[in-house]
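What follows is a single structure, written as structure tokens, with notes after it.
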Amino acid sequence: MKKILIVNGPNLNLLGTREPDKYGQVTLEEIEKKMKEYGKGKNLRLEFFQSNSEGEIIDCIQKKAADINFLIINPGAYTHTSVAIRDTILGVKISTIEVHLSNIYSREEFRRKSLISDIALGVISGFGWYGYLLALDYINFIKEGN
């Protein structure tokens, strides 16, 4: 069984009401429910975490790293600013997929630089909530721990 930690950063708890033209109308709880349903029968165990605090995100990744095979992370605004989250991912050596609801590369200049993407297995950006399912698909079809 592949164990996956899904981490969502700041303001993603506001999905559904926060700038729905950019992020859609689906709530974070609905995304988690869709992921659980999608993962059923695929031998994937999912665990979810969301925080607006950089330190809590770091603590969660460090605490869970030994028990998971993959990390799916939407760092939110920390994508562009958090050397600390980047260093944590490098430090725990966990296979990571970066997900963004909007296409960060077609947005403001400051959003186009990710401090995570070059250390991730890949980046899924611009497909809305469906990007999380694409990440699960990838994990489902690769060997554990690659």
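Chain labels A, B, ... are given in the sequence in which chains occur in the structure tokens; within each chain residues are numbered consecutively from 1, and ligands are likewise numbered from 1 in the order shown.
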Can you list, as a compact mmCIF listing (two decimals) with C-alpha atoms, in the first residue's frame, every protein, DNA or RNA residue that comes within 9 Å of region 7-19 of chain A when you count only C-alpha atoms, leaving out same-chain residues fewer than 5 positions away?
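Result written to selection12.txt:
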# COMPACT_ATOMS: atom_id res chain seq x y z
CA GLY A 24 -12.68 27.43 -8.55
CA GLN A 25 -15.71 26.89 -6.34
CA VAL A 26 -14.73 23.51 -4.89
CA THR A 27 -13.82 23.57 -1.19
CA LEU A 28 -10.75 21.89 0.29
CA GLU A 29 -13.03 19.42 2.06
CA GLU A 47 -3.63 11.55 4.92
CA PHE A 48 -4.48 15.25 4.72
CA PHE A 49 -3.05 18.31 6.43
CA GLN A 50 -3.66 22.03 5.93
CA SER A 51 -2.12 24.94 7.76
CA ASN A 52 -1.63 28.65 7.34
CA SER A 53 1.57 28.35 9.39
CA GLU A 54 4.92 27.54 7.81
CA ILE A 57 3.71 22.49 7.73
CA CYS A 60 3.94 17.80 9.87
CA ILE A 61 6.26 16.79 7.03
CA LEU A 71 4.17 13.87 -0.48
CA ILE A 72 1.70 15.85 -2.55
CA ILE A 73 2.07 19.50 -1.62
CA ASN A 74 0.34 22.70 -2.58
CA PRO A 75 2.44 25.16 -0.61
CA GLY A 76 0.22 28.10 -1.57
CA ALA A 77 2.09 31.38 -1.19
CA TYR A 78 4.97 29.54 0.50
CA THR A 79 5.77 28.15 -2.97
Selection: 8 Å around Ala120 (chain A), only C-alpha atoms, excl. self and same-chain fewer than 4 positions, as a VMD selection string: chain A and resid 95 to 98 116
Would you save the residues from that selection as a short mmCIF file (atom, residue, chain, number, x, y, z; two decimals), in the first residue's frame, using N, CA and C atoms?
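Saved the output as selection-v6.cif:
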data_model
loop_
_atom_site.label_atom_id
_atom_site.label_comp_id
_atom_site.auth_asym_id
_atom_site.auth_seq_id
_atom_site.Cartn_x
_atom_site.Cartn_y
_atom_site.Cartn_z
N SER A 95 9.73 11.57 -1.81
CA SER A 95 9.31 11.83 -3.18
C SER A 95 8.10 12.76 -3.16
N THR A 96 8.21 13.88 -3.88
CA THR A 96 7.24 14.95 -3.76
C THR A 96 6.68 15.36 -5.11
N ILE A 97 5.38 15.63 -5.13
CA ILE A 97 4.72 16.21 -6.30
C ILE A 97 4.12 17.54 -5.85
N GLU A 98 4.44 18.60 -6.59
CA GLU A 98 3.92 19.93 -6.31
C GLU A 98 2.66 20.15 -7.14
N ILE A 116 10.14 24.99 -4.81
CA ILE A 116 9.92 23.56 -4.62
C ILE A 116 10.09 22.77 -5.92
#
Given only C-alpha atoms as the counted atoms, nearest of A:Leu134, A:Leu115, A:Ile142, A:Ile124 to His80 (chain A):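 Smallest separation from His80 (chain A) among the options: A:Leu115.
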DSSP strand (DSSP E) residues within region 53-134 of chain A, listed as a list in words: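 Those in region 53-134 of chain A that DSSP calls strand (DSSP E) are Phe70, Leu71, Ile72, Ile73, Asn74, Ser95, Thr96, Ile97, Glu98, Val99, His100, Gly122, Val123, Ile124 and Ser125 of chain A.
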File of the preceding selection, C-alpha atoms, as a PDB file, in the first residue's frame:
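Result file out_7.pdb:
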ATOM      1  CA  PHE A  70       4.968  10.244  -1.205  1.00  0.00           C
ATOM      2  CA  LEU A  71       4.165  13.866  -0.479  1.00  0.00           C
ATOM      3  CA  ILE A  72       1.705  15.854  -2.551  1.00  0.00           C
ATOM      4  CA  ILE A  73       2.069  19.504  -1.617  1.00  0.00           C
ATOM      5  CA  ASN A  74       0.335  22.703  -2.580  1.00  0.00           C
ATOM      6  CA  SER A  95       9.306  11.827  -3.184  1.00  0.00           C
ATOM      7  CA  THR A  96       7.237  14.955  -3.755  1.00  0.00           C
ATOM      8  CA  ILE A  97       4.722  16.213  -6.295  1.00  0.00           C
ATOM      9  CA  GLU A  98       3.924  19.933  -6.305  1.00  0.00           C
ATOM     10  CA  VAL A  99       0.320  20.829  -7.165  1.00  0.00           C
ATOM     11  CA  HIS A 100      -1.263  24.218  -7.880  1.00  0.00           C
ATOM     12  CA  GLY A 122       6.991  16.996 -11.069  1.00  0.00           C
ATOM     13  CA  VAL A 123       4.675  19.963 -10.981  1.00  0.00           C
ATOM     14  CA  ILE A 124       0.970  19.934 -11.835  1.00  0.00           C
ATOM     15  CA  SER A 125      -0.293  23.460 -12.319  1.00  0.00           C
TER      16      SER A 125
END
DSSP-assigned helix (DSSP H, G or I) members of region 47-143 of chain A, reported as an MDAnalysis selection string: chainID A and resid 54:67 76:80 83:92 104:106 109:112 117:119 130:141
